[in-house]
Amino acid sequence: MTVQEVRLCGLLLQEHFGEVVEKVGTELLRSGALNLRALAHQTGIQLDLVKKSLCVLAQHSMCVFGPGRRGPGGPVEYTVNSERILYMLRYPRYIYTAKSLYGDTGELVIEEILQRGQMTMSSTVKTVADRLTHSMEDGQSMEYSEVIAAFTRLVETHFLQRCPLMDNAGAAGRTSSAVSESPAPAAAPPVQPENFPDCYKIPQIHLTGRGKRRRSSEDGDAEERGTKKAKVDSAAVCGDEGIYWQVNFERFHLHFRHQAIISAVASKLDQTSSEIVRTMLRLSEVTTPANATYTQALSANEIFRALPASYNIGRPILDQYLTLLVDDPMEFVSKTGDSGGGMYVVNLHRALANLARATLESVVQERFGSRSARIFRLLLRKRHLEQKQVEDFAMIPAKEAKDMLYTLLSENLVQLQEIPKTPDYAPSRTFYLYTVNQLPTARLLLQNCYKAVGNLIERRLFETKENKRHLEKSQRIEAILASLQASGADAAQLTEVEEMITPPERQQLEALRHHINKLDSSENQVDETIFLLESYISSTSSSR
């Protein structure tokens, strides 16, 4: 764990769960595995609050627990999954993807499960149906069957999966009895969701009806209604008790990776080529492991039959496009055989390496200018060059090339390798070669991205805190307006309430919203770069 990762994880925990959970999570990130007493002592937080914080982290699969360093007879120790915490940065992207693929119903299903970590199917269906019904016009409501259908489609396409059953050590599953100091029994490693035999099996639930609309007139009796609803829900048996579902982040990441490859092919060649690659990825996404270097081989006949009919691509044209993709220097597609009209694969690792390389070149160009980017691309292509060769190949004056090389060297974007002619390393008898090592450079840029996202979150929190009074006033007035509109107030009353916000305050609120939207957009853009670099680093590690 680097300093920037710990800082970003702490900011995400604070934003989503509050300061107490942030202190507990950050302490576990810095110290590693700790038992309950040691964690409470080092954080200075009450034992009861530490237990609740650990329950929150375990509910969202961010914390695991098991036998400690003293063995099965010692106290249970807790560790935090930093990778899972960083996924919170990508929550808006997961929700937007579900909306684009499965509509509003799929969006709300993913949003509810992300907010609560784990939910049963029946509870999710009821909550989503109620929310959709509340947003509909009077007299309309959402059928439970429609939400069940959307939930089923998400499971069938592996965007949702069952939580694995709890083992003896309690390293996975429900968290009601997770926090304790009792000795932990010996147990096997935690069960991974993908290894769970019923990971994508839909339970038979007995749930019929429609979503219920919340009424503002009942707000005063909220506590009483909540008690009654809890009693009714506990009395109703839906048939899926104890079966909890969670979001399959790996499936979303697979979708993001494929979309990045398809977009790269479309920008490099054309839309038809990208549709051919999209078809190849769709045919092989179920049979190809997540960490595979290549997709499963597909014949030209299979690709031709699976192409969308709307594109009207004939077989000769398909062969020409496949040949074009194979001969392209980017090497997104490779040919592995001649049977079935030719066997083709998508070179996933090569595609990610090219995308990471383009990202590195773009960063160098934006920070240091087009001439430095020319030198950087030259070193990527030629591998090792002396300073004189860089000047000649890049066609840049010697003084400028020297300054640019030293600037890139000081930023660790370029490395200098010494090759001596004699063992004494005398400068006059030593070759000094400049080179770019893409993998360490990608890791360096990834840490810079973590730092940038952390700065953006801190700035957004600062802006919100500085304008807290105006935001609270705006929210109060919006609540009053909504209440008046629901009760049928006339336009004069509504105008009078709206004028409670002065023009300078309204202007300040508009400026604040503009800044917050800009910061949110920047976070999402940096996260796209983070995902690309993480995918490339992971693919490189698995291919070795």
# chains A, B, ... in the order shown; residues from 1 in each chain; ligands from 1
>>> residues_around(residues="Val390 (chain A)", least_positions_apart="3", cutoff="10 Å", atoms="only C-alpha atoms", output="list of chain:residue names")
A:Arg374, A:Ile375, A:Phe376, A:Leu378, A:Leu379, A:Lys382, A:His384, A:Leu385, A:Glu386, A:Gln387, A:Phe393, A:Ala394, A:Met395, A:Ile396, A:Pro397, A:Ala398, A:Ala401, A:Lys402, A:Leu405, A:Leu433, A:Tyr434
>>> write_last_selection(atoms="N, CA, C and O atoms", output="mmCIF file, in the first residue's frame")
data_model
loop_
_atom_site.group_PDB
_atom_site.id
_atom_site.type_symbol
_atom_site.label_atom_id
_atom_site.label_comp_id
_atom_site.auth_asym_id
_atom_site.auth_seq_id
_atom_site.Cartn_x
_atom_site.Cartn_y
_atom_site.Cartn_z
ATOM 1 N N ARG A 374 7.366 13.757 -28.695
ATOM 2 C CA ARG A 374 8.048 13.140 -29.845
ATOM 3 C C ARG A 374 9.248 12.319 -29.375
ATOM 4 O O ARG A 374 9.481 11.195 -29.844
ATOM 5 N N ILE A 375 10.018 12.870 -28.439
ATOM 6 C CA ILE A 375 11.158 12.133 -27.889
ATOM 7 C C ILE A 375 10.680 10.878 -27.154
ATOM 8 O O ILE A 375 11.267 9.796 -27.280
ATOM 9 N N PHE A 376 9.605 11.023 -26.381
ATOM 10 C CA PHE A 376 9.068 9.888 -25.612
ATOM 11 C C PHE A 376 8.606 8.764 -26.550
ATOM 12 O O PHE A 376 8.912 7.585 -26.317
ATOM 13 N N LEU A 378 9.631 8.251 -29.569
ATOM 14 C CA LEU A 378 10.828 7.721 -30.227
ATOM 15 C C LEU A 378 11.515 6.685 -29.349
ATOM 16 O O LEU A 378 11.911 5.604 -29.824
ATOM 17 N N LEU A 379 11.635 6.962 -28.055
ATOM 18 C CA LEU A 379 12.269 6.013 -27.141
ATOM 19 C C LEU A 379 11.415 4.760 -26.958
ATOM 20 O O LEU A 379 11.954 3.655 -26.806
ATOM 21 N N LYS A 382 12.141 2.855 -30.369
ATOM 22 C CA LYS A 382 13.530 2.421 -30.612
ATOM 23 C C LYS A 382 14.166 1.723 -29.416
ATOM 24 O O LYS A 382 15.279 1.206 -29.517
ATOM 25 N N HIS A 384 16.355 1.798 -27.017
ATOM 26 C CA HIS A 384 17.549 2.379 -26.411
ATOM 27 C C HIS A 384 18.221 3.308 -27.420
ATOM 28 O O HIS A 384 18.483 2.901 -28.570
ATOM 29 N N LEU A 385 18.478 4.550 -26.997
ATOM 30 C CA LEU A 385 19.133 5.524 -27.871
ATOM 31 C C LEU A 385 20.088 6.385 -27.056
ATOM 32 O O LEU A 385 19.816 6.709 -25.890
ATOM 33 N N GLU A 386 21.215 6.763 -27.674
ATOM 34 C CA GLU A 386 22.097 7.739 -27.079
ATOM 35 C C GLU A 386 21.544 9.137 -27.312
ATOM 36 O O GLU A 386 20.641 9.336 -28.143
ATOM 37 N N GLN A 387 22.079 10.109 -26.573
ATOM 38 C CA GLN A 387 21.562 11.470 -26.691
ATOM 39 C C GLN A 387 21.717 12.000 -28.112
ATOM 40 O O GLN A 387 20.809 12.649 -28.644
ATOM 41 N N PHE A 393 17.261 11.610 -34.648
ATOM 42 C CA PHE A 393 15.997 10.991 -35.046
ATOM 43 C C PHE A 393 14.798 11.925 -34.804
ATOM 44 O O PHE A 393 13.867 11.970 -35.597
ATOM 45 N N ALA A 394 14.816 12.663 -33.711
ATOM 46 C CA ALA A 394 13.699 13.550 -33.386
ATOM 47 C C ALA A 394 13.788 14.886 -34.109
ATOM 48 O O ALA A 394 12.817 15.650 -34.098
ATOM 49 N N MET A 395 14.941 15.165 -34.720
ATOM 50 C CA MET A 395 15.166 16.421 -35.456
ATOM 51 C C MET A 395 14.910 17.631 -34.561
ATOM 52 O O MET A 395 14.160 18.546 -34.882
ATOM 53 N N ILE A 396 15.546 17.602 -33.370
ATOM 54 C CA ILE A 396 15.438 18.669 -32.390
ATOM 55 C C ILE A 396 16.848 19.161 -32.081
ATOM 56 O O ILE A 396 17.774 18.353 -31.965
ATOM 57 N N PRO A 397 17.058 20.478 -31.975
ATOM 58 C CA PRO A 397 18.414 20.987 -31.655
ATOM 59 C C PRO A 397 18.976 20.352 -30.394
ATOM 60 O O PRO A 397 18.237 19.975 -29.476
ATOM 61 N N ALA A 398 20.302 20.261 -30.347
ATOM 62 C CA ALA A 398 20.975 19.525 -29.275
ATOM 63 C C ALA A 398 20.643 20.098 -27.898
ATOM 64 O O ALA A 398 20.360 19.353 -26.945
ATOM 65 N N ALA A 401 16.973 19.266 -26.964
ATOM 66 C CA ALA A 401 16.815 17.828 -26.723
ATOM 67 C C ALA A 401 17.417 17.431 -25.383
ATOM 68 O O ALA A 401 16.840 16.621 -24.646
ATOM 69 N N LYS A 402 18.559 18.023 -25.060
ATOM 70 C CA LYS A 402 19.210 17.716 -23.780
ATOM 71 C C LYS A 402 18.333 18.159 -22.612
ATOM 72 O O LYS A 402 18.133 17.406 -21.648
ATOM 73 N N LEU A 405 15.252 15.817 -22.361
ATOM 74 C CA LEU A 405 15.612 14.502 -21.835
ATOM 75 C C LEU A 405 15.849 14.558 -20.326
ATOM 76 O O LEU A 405 15.403 13.674 -19.585
ATOM 77 N N LEU A 433 22.646 5.221 -22.465
ATOM 78 C CA LEU A 433 21.480 5.009 -23.316
ATOM 79 C C LEU A 433 20.202 5.408 -22.575
ATOM 80 O O LEU A 433 19.982 5.013 -21.423
ATOM 81 N N TYR A 434 19.368 6.184 -23.257
ATOM 82 C CA TYR A 434 18.052 6.554 -22.718
ATOM 83 C C TYR A 434 17.022 5.519 -23.162
ATOM 84 O O TYR A 434 17.060 5.036 -24.310
#
>>> residues_around(residues="Met121 (chain A)", least_positions_apart="3", cutoff="8 Å", atoms="only C-alpha atoms", output="list in words")
Thr124, Val125, Phe151, Asp240, Ile243, Tyr244 and Trp245 of chain A
>>> atom_distance(atom1="CA of Leu160 (chain A)", atom2="CA of Tyr200 (chain A)")
7.7 Å
>>> select_by_dssp(residues="region 333-451 of chain A", states="alpha helix (DSSP H)", output="PyMOL selection string")
chain A and resi 348-368+370-382+387-394+398-410+438-451
>>> closest_atom_pairs(of="region 381-428 of chain A", to="region 435-444 of chain A", cutoff="10 Å", atoms="only C-alpha atoms", output="tab-separated table")
residue	atom	partner	partner_atom	distance
A:Arg381	CA	A:Val436	CA	9.3
A:Lys382	CA	A:Thr435	CA	8.4
A:Arg383	CA	A:Thr435	CA	5.6
A:His384	CA	A:Thr435	CA	4.9
A:Leu385	CA	A:Thr435	CA	6.8
A:Glu386	CA	A:Thr435	CA	9.0
A:Leu409	CA	A:Thr435	CA	9.8
A:Glu411	CA	A:Leu444	CA	9.5
A:Asn412	CA	A:Thr441	CA	7.4
A:Leu413	CA	A:Thr441	CA	5.9
A:Val414	CA	A:Val436	CA	5.0
A:Gln415	CA	A:Thr435	CA	5.3
A:Leu416	CA	A:Thr435	CA	6.3
A:Gln417	CA	A:Thr435	CA	7.3
>>> write_last_selection(atoms="N, CA and C atoms", output="CSV table (one decimal), in the first residue's frame")
chain,number,residue,atom,x,y,z
A,381,ARG,N,9.6,3.5,-29.3
A,381,ARG,CA,9.7,2.7,-30.5
A,381,ARG,C,11.1,2.1,-30.7
A,382,LYS,N,12.1,2.9,-30.4
A,382,LYS,CA,13.5,2.4,-30.6
A,382,LYS,C,14.2,1.7,-29.4
A,383,ARG,N,13.5,1.8,-28.3
A,383,ARG,CA,14.0,1.1,-27.0
A,383,ARG,C,15.1,1.8,-26.4
A,384,HIS,N,16.4,1.8,-27.0
A,384,HIS,CA,17.5,2.4,-26.4
A,384,HIS,C,18.2,3.3,-27.4
A,385,LEU,N,18.5,4.6,-27.0
A,385,LEU,CA,19.1,5.5,-27.9
A,385,LEU,C,20.1,6.4,-27.1
A,386,GLU,N,21.2,6.8,-27.7
A,386,GLU,CA,22.1,7.7,-27.1
A,386,GLU,C,21.5,9.1,-27.3
A,409,LEU,N,13.8,12.7,-17.5
A,409,LEU,CA,14.6,11.9,-16.6
A,409,LEU,C,14.3,12.2,-15.1
A,411,GLU,N,11.6,13.4,-13.9
A,411,GLU,CA,10.2,13.0,-13.6
A,411,GLU,C,10.1,11.5,-13.6
A,412,ASN,N,11.1,10.8,-13.8
A,412,ASN,CA,11.1,9.3,-13.8
A,412,ASN,C,10.3,8.7,-15.0
A,413,LEU,N,10.1,9.5,-16.0
A,413,LEU,CA,9.4,9.1,-17.2
A,413,LEU,C,10.3,8.4,-18.2
A,414,VAL,N,11.6,8.7,-18.1
A,414,VAL,CA,12.7,8.2,-18.9
A,414,VAL,C,13.8,7.7,-18.0
A,415,GLN,N,14.4,6.5,-18.3
A,415,GLN,CA,15.5,6.0,-17.6
A,415,GLN,C,16.8,6.0,-18.3
A,416,LEU,N,17.9,6.1,-17.6
A,416,LEU,CA,19.2,6.2,-18.2
A,416,LEU,C,19.9,4.9,-17.8
A,417,GLN,N,20.4,4.2,-18.9
A,417,GLN,CA,21.1,2.9,-18.6
A,417,GLN,C,22.6,3.1,-19.0
>>> residues_around(residues="Leu307 (chain A)", least_positions_apart="6", cutoff="9 Å", atoms="only C-alpha atoms", output="PyMOL selection string")
chain A and resi 275-276+279+313
>>> write_last_selection(atoms="all heavy atoms", output="short mmCIF file (atom, residue, chain, number, x, y, z; two decimals), in the first residue's frame")
data_model
loop_
_atom_site.label_atom_id
_atom_site.label_comp_id
_atom_site.auth_asym_id
_atom_site.auth_seq_id
_atom_site.Cartn_x
_atom_site.Cartn_y
_atom_site.Cartn_z
N GLU A 275 -17.44 -2.99 -34.85
CA GLU A 275 -18.56 -3.91 -34.67
C GLU A 275 -18.11 -5.36 -34.82
O GLU A 275 -18.62 -6.26 -34.15
CB GLU A 275 -19.68 -3.60 -35.68
CG GLU A 275 -20.48 -2.37 -35.37
CD GLU A 275 -21.14 -2.44 -34.00
OE1 GLU A 275 -21.60 -3.54 -33.62
OE2 GLU A 275 -21.18 -1.42 -33.31
N ILE A 276 -17.15 -5.61 -35.71
CA ILE A 276 -16.60 -6.96 -35.85
C ILE A 276 -15.88 -7.37 -34.56
O ILE A 276 -16.06 -8.49 -34.05
CB ILE A 276 -15.66 -7.03 -37.07
CG1 ILE A 276 -16.45 -6.83 -38.37
CG2 ILE A 276 -14.91 -8.36 -37.11
CD1 ILE A 276 -15.59 -6.70 -39.60
N THR A 279 -18.41 -8.06 -31.84
CA THR A 279 -19.03 -9.39 -32.01
C THR A 279 -18.09 -10.48 -31.50
O THR A 279 -18.53 -11.42 -30.83
CB THR A 279 -19.37 -9.62 -33.49
OG1 THR A 279 -20.24 -8.58 -33.94
CG2 THR A 279 -20.04 -10.96 -33.69
N ILE A 313 -23.06 -6.76 -43.84
CA ILE A 313 -21.67 -7.07 -44.18
C ILE A 313 -21.63 -8.44 -44.84
O ILE A 313 -21.99 -9.45 -44.23
CB ILE A 313 -20.78 -7.06 -42.92
CG1 ILE A 313 -20.83 -5.68 -42.25
CG2 ILE A 313 -19.35 -7.41 -43.27
CD1 ILE A 313 -20.08 -5.61 -40.94
#
>>> residues_around(residues="Glu523 (chain A)", least_positions_apart="4", cutoff="7 Å", atoms="only C-alpha atoms", output="VMD selection string")
chain A and resid 453 456 519 527
>>> residues_around(residues="region 303-306 of chain A", least_positions_apart="6", cutoff="10 Å", atoms="only C-alpha atoms", output="JSON, numbers by chain")
{"A": [276, 277, 279, 280, 282, 283, 313, 314, 315, 318, 319, 343, 344]}
>>> closest_residue(among="A:Ile113, A:Leu408, A:Ile457, A:Ala33", to="Asn524 (chain A)", atoms="only C-alpha atoms")
A:Ile457
>>> select_by_dssp(residues="region 26-209 of chain A", states="strand (DSSP E)", output="VMD selection string")
chain A and resid 34 to 35 63 to 68 71 to 80 119 to 120 160 to 162
>>> write_last_selection(atoms="N, CA, C and O atoms", output="PDB file, in the first residue's frame")
ATOM      1  N   LEU A  34      -5.206  -6.755  12.491  1.00  0.00           N
ATOM      2  CA  LEU A  34      -5.283  -6.405  13.908  1.00  0.00           C
ATOM      3  C   LEU A  34      -6.485  -7.091  14.533  1.00  0.00           C
ATOM      4  O   LEU A  34      -7.512  -7.299  13.866  1.00  0.00           O
ATOM      5  N   ASN A  35      -6.367  -7.430  15.827  1.00  0.00           N
ATOM      6  CA  ASN A  35      -7.538  -7.948  16.528  1.00  0.00           C
ATOM      7  C   ASN A  35      -8.365  -6.779  17.068  1.00  0.00           C
ATOM      8  O   ASN A  35      -7.962  -5.614  16.979  1.00  0.00           O
ATOM      9  N   CYS A  63     -13.838  -5.824   4.354  1.00  0.00           N
ATOM     10  CA  CYS A  63     -13.088  -6.319   5.500  1.00  0.00           C
ATOM     11  C   CYS A  63     -13.303  -7.822   5.619  1.00  0.00           C
ATOM     12  O   CYS A  63     -14.443  -8.301   5.493  1.00  0.00           O
ATOM     13  N   VAL A  64     -12.241  -8.571   5.815  1.00  0.00           N
ATOM     14  CA  VAL A  64     -12.322 -10.012   6.048  1.00  0.00           C
ATOM     15  C   VAL A  64     -11.675 -10.314   7.396  1.00  0.00           C
ATOM     16  O   VAL A  64     -10.869  -9.532   7.904  1.00  0.00           O
ATOM     17  N   PHE A  65     -12.033 -11.431   7.957  1.00  0.00           N
ATOM     18  CA  PHE A  65     -11.519 -11.786   9.276  1.00  0.00           C
ATOM     19  C   PHE A  65     -11.288 -13.279   9.337  1.00  0.00           C
ATOM     20  O   PHE A  65     -11.899 -14.051   8.588  1.00  0.00           O
ATOM     21  N   GLY A  66     -10.401 -13.686  10.220  1.00  0.00           N
ATOM     22  CA  GLY A  66     -10.076 -15.098  10.349  1.00  0.00           C
ATOM     23  C   GLY A  66      -9.042 -15.304  11.436  1.00  0.00           C
ATOM     24  O   GLY A  66      -8.740 -14.391  12.215  1.00  0.00           O
ATOM     25  N   PRO A  67      -8.467 -16.512  11.502  1.00  0.00           N
ATOM     26  CA  PRO A  67      -7.454 -16.796  12.534  1.00  0.00           C
ATOM     27  C   PRO A  67      -6.279 -15.844  12.431  1.00  0.00           C
ATOM     28  O   PRO A  67      -5.843 -15.479  11.343  1.00  0.00           O
ATOM     29  N   GLY A  68      -5.760 -15.412  13.588  1.00  0.00           N
ATOM     30  CA  GLY A  68      -4.670 -14.454  13.607  1.00  0.00           C
ATOM     31  C   GLY A  68      -3.309 -15.109  13.597  1.00  0.00           C
ATOM     32  O   GLY A  68      -3.156 -16.298  13.299  1.00  0.00           O
ATOM     33  N   GLY A  71      -2.542 -18.342  15.582  1.00  0.00           N
ATOM     34  CA  GLY A  71      -3.121 -19.610  15.173  1.00  0.00           C
ATOM     35  C   GLY A  71      -4.594 -19.697  15.482  1.00  0.00           C
ATOM     36  O   GLY A  71      -5.225 -18.726  15.931  1.00  0.00           O
ATOM     37  N   PRO A  72      -5.170 -20.861  15.273  1.00  0.00           N
ATOM     38  CA  PRO A  72      -6.616 -21.025  15.475  1.00  0.00           C
ATOM     39  C   PRO A  72      -7.090 -20.724  16.888  1.00  0.00           C
ATOM     40  O   PRO A  72      -8.243 -20.350  17.090  1.00  0.00           O
ATOM     41  N   GLY A  73      -6.227 -20.862  17.890  1.00  0.00           N
ATOM     42  CA  GLY A  73      -6.649 -20.615  19.258  1.00  0.00           C
ATOM     43  C   GLY A  73      -6.594 -19.162  19.668  1.00  0.00           C
ATOM     44  O   GLY A  73      -7.076 -18.799  20.747  1.00  0.00           O
ATOM     45  N   GLY A  74      -6.017 -18.295  18.836  1.00  0.00           N
ATOM     46  CA  GLY A  74      -5.878 -16.889  19.186  1.00  0.00           C
ATOM     47  C   GLY A  74      -7.103 -16.078  18.804  1.00  0.00           C
ATOM     48  O   GLY A  74      -8.078 -16.590  18.253  1.00  0.00           O
ATOM     49  N   PRO A  75      -7.066 -14.777  19.100  1.00  0.00           N
ATOM     50  CA  PRO A  75      -8.208 -13.913  18.765  1.00  0.00           C
ATOM     51  C   PRO A  75      -8.318 -13.696  17.254  1.00  0.00           C
ATOM     52  O   PRO A  75      -7.338 -13.791  16.516  1.00  0.00           O
ATOM     53  N   VAL A  76      -9.538 -13.409  16.818  1.00  0.00           N
ATOM     54  CA  VAL A  76      -9.804 -13.132  15.406  1.00  0.00           C
ATOM     55  C   VAL A  76      -9.116 -11.833  15.008  1.00  0.00           C
ATOM     56  O   VAL A  76      -9.120 -10.859  15.762  1.00  0.00           O
ATOM     57  N   GLU A  77      -8.524 -11.818  13.824  1.00  0.00           N
ATOM     58  CA  GLU A  77      -7.882 -10.608  13.317  1.00  0.00           C
ATOM     59  C   GLU A  77      -8.596 -10.147  12.045  1.00  0.00           C
ATOM     60  O   GLU A  77      -9.123 -10.955  11.274  1.00  0.00           O
ATOM     61  N   TYR A  78      -8.558  -8.842  11.827  1.00  0.00           N
ATOM     62  CA  TYR A  78      -9.287  -8.217  10.721  1.00  0.00           C
ATOM     63  C   TYR A  78      -8.306  -7.564   9.750  1.00  0.00           C
ATOM     64  O   TYR A  78      -7.321  -6.946  10.169  1.00  0.00           O
ATOM     65  N   THR A  79      -8.589  -7.698   8.485  1.00  0.00           N
ATOM     66  CA  THR A  79      -7.804  -7.039   7.440  1.00  0.00           C
ATOM     67  C   THR A  79      -8.760  -6.357   6.470  1.00  0.00           C
ATOM     68  O   THR A  79      -9.902  -6.785   6.294  1.00  0.00           O
ATOM     69  N   VAL A  80      -8.269  -5.306   5.839  1.00  0.00           N
ATOM     70  CA  VAL A  80      -9.088  -4.514   4.918  1.00  0.00           C
ATOM     71  C   VAL A  80      -8.616  -4.761   3.494  1.00  0.00           C
ATOM     72  O   VAL A  80      -7.422  -4.853   3.218  1.00  0.00           O
ATOM     73  N   MET A 119     -27.887  -7.683  -0.356  1.00  0.00           N
ATOM     74  CA  MET A 119     -29.338  -7.667  -0.170  1.00  0.00           C
ATOM     75  C   MET A 119     -29.937  -8.954  -0.702  1.00  0.00           C
ATOM     76  O   MET A 119     -29.380  -9.578  -1.610  1.00  0.00           O
ATOM     77  N   THR A 120     -31.089  -9.338  -0.122  1.00  0.00           N
ATOM     78  CA  THR A 120     -31.834 -10.456  -0.695  1.00  0.00           C
ATOM     79  C   THR A 120     -32.579  -9.971  -1.929  1.00  0.00           C
ATOM     80  O   THR A 120     -32.831  -8.774  -2.106  1.00  0.00           O
ATOM     81  N   LEU A 160     -24.727  -9.541 -11.390  1.00  0.00           N
ATOM     82  CA  LEU A 160     -25.010  -9.807  -9.985  1.00  0.00           C
ATOM     83  C   LEU A 160     -24.661 -11.249  -9.684  1.00  0.00           C
ATOM     84  O   LEU A 160     -24.781 -12.116 -10.565  1.00  0.00           O
ATOM     85  N   GLN A 161     -24.250 -11.526  -8.455  1.00  0.00           N
ATOM     86  CA  GLN A 161     -23.930 -12.894  -8.062  1.00  0.00           C
ATOM     87  C   GLN A 161     -24.249 -13.093  -6.591  1.00  0.00           C
ATOM     88  O   GLN A 161     -24.319 -12.136  -5.818  1.00  0.00           O
ATOM     89  N   ARG A 162     -24.477 -14.350  -6.244  1.00  0.00           N
ATOM     90  CA  ARG A 162     -24.754 -14.660  -4.846  1.00  0.00           C
ATOM     91  C   ARG A 162     -23.519 -14.450  -3.985  1.00  0.00           C
ATOM     92  O   ARG A 162     -22.386 -14.678  -4.430  1.00  0.00           O
TER      93      ARG A 162
END
>>> closest_residue(among="A:Thr422, A:Asn291, A:Gln365, A:Thr323", to="Ser541 (chain A)", atoms="only C-alpha atoms")
A:Asn291
>>> closest_residue(among="A:Ser100, A:Arg69, A:Tyr450, A:Ile205", to="Val6 (chain A)", atoms="only C-alpha atoms")
A:Tyr450
>>> residues_around(residues="Arg84 (chain A)", least_positions_apart="6", cutoff="10 Å", atoms="only C-alpha atoms", output="PyMOL selection string")
chain A and resi 9+60-63+249
>>> closest_residue(among="A:Gly211, A:Ala292, A:Val526, A:His206", to="Met142 (chain A)", atoms="only C-alpha atoms")
A:Gly211
>>> residues_around(residues="Gln46 (chain A)", least_positions_apart="4", cutoff="12 Å", atoms="only C-alpha atoms", output="PyMOL selection string")
chain A and resi 20+23-24+36-42+50-53
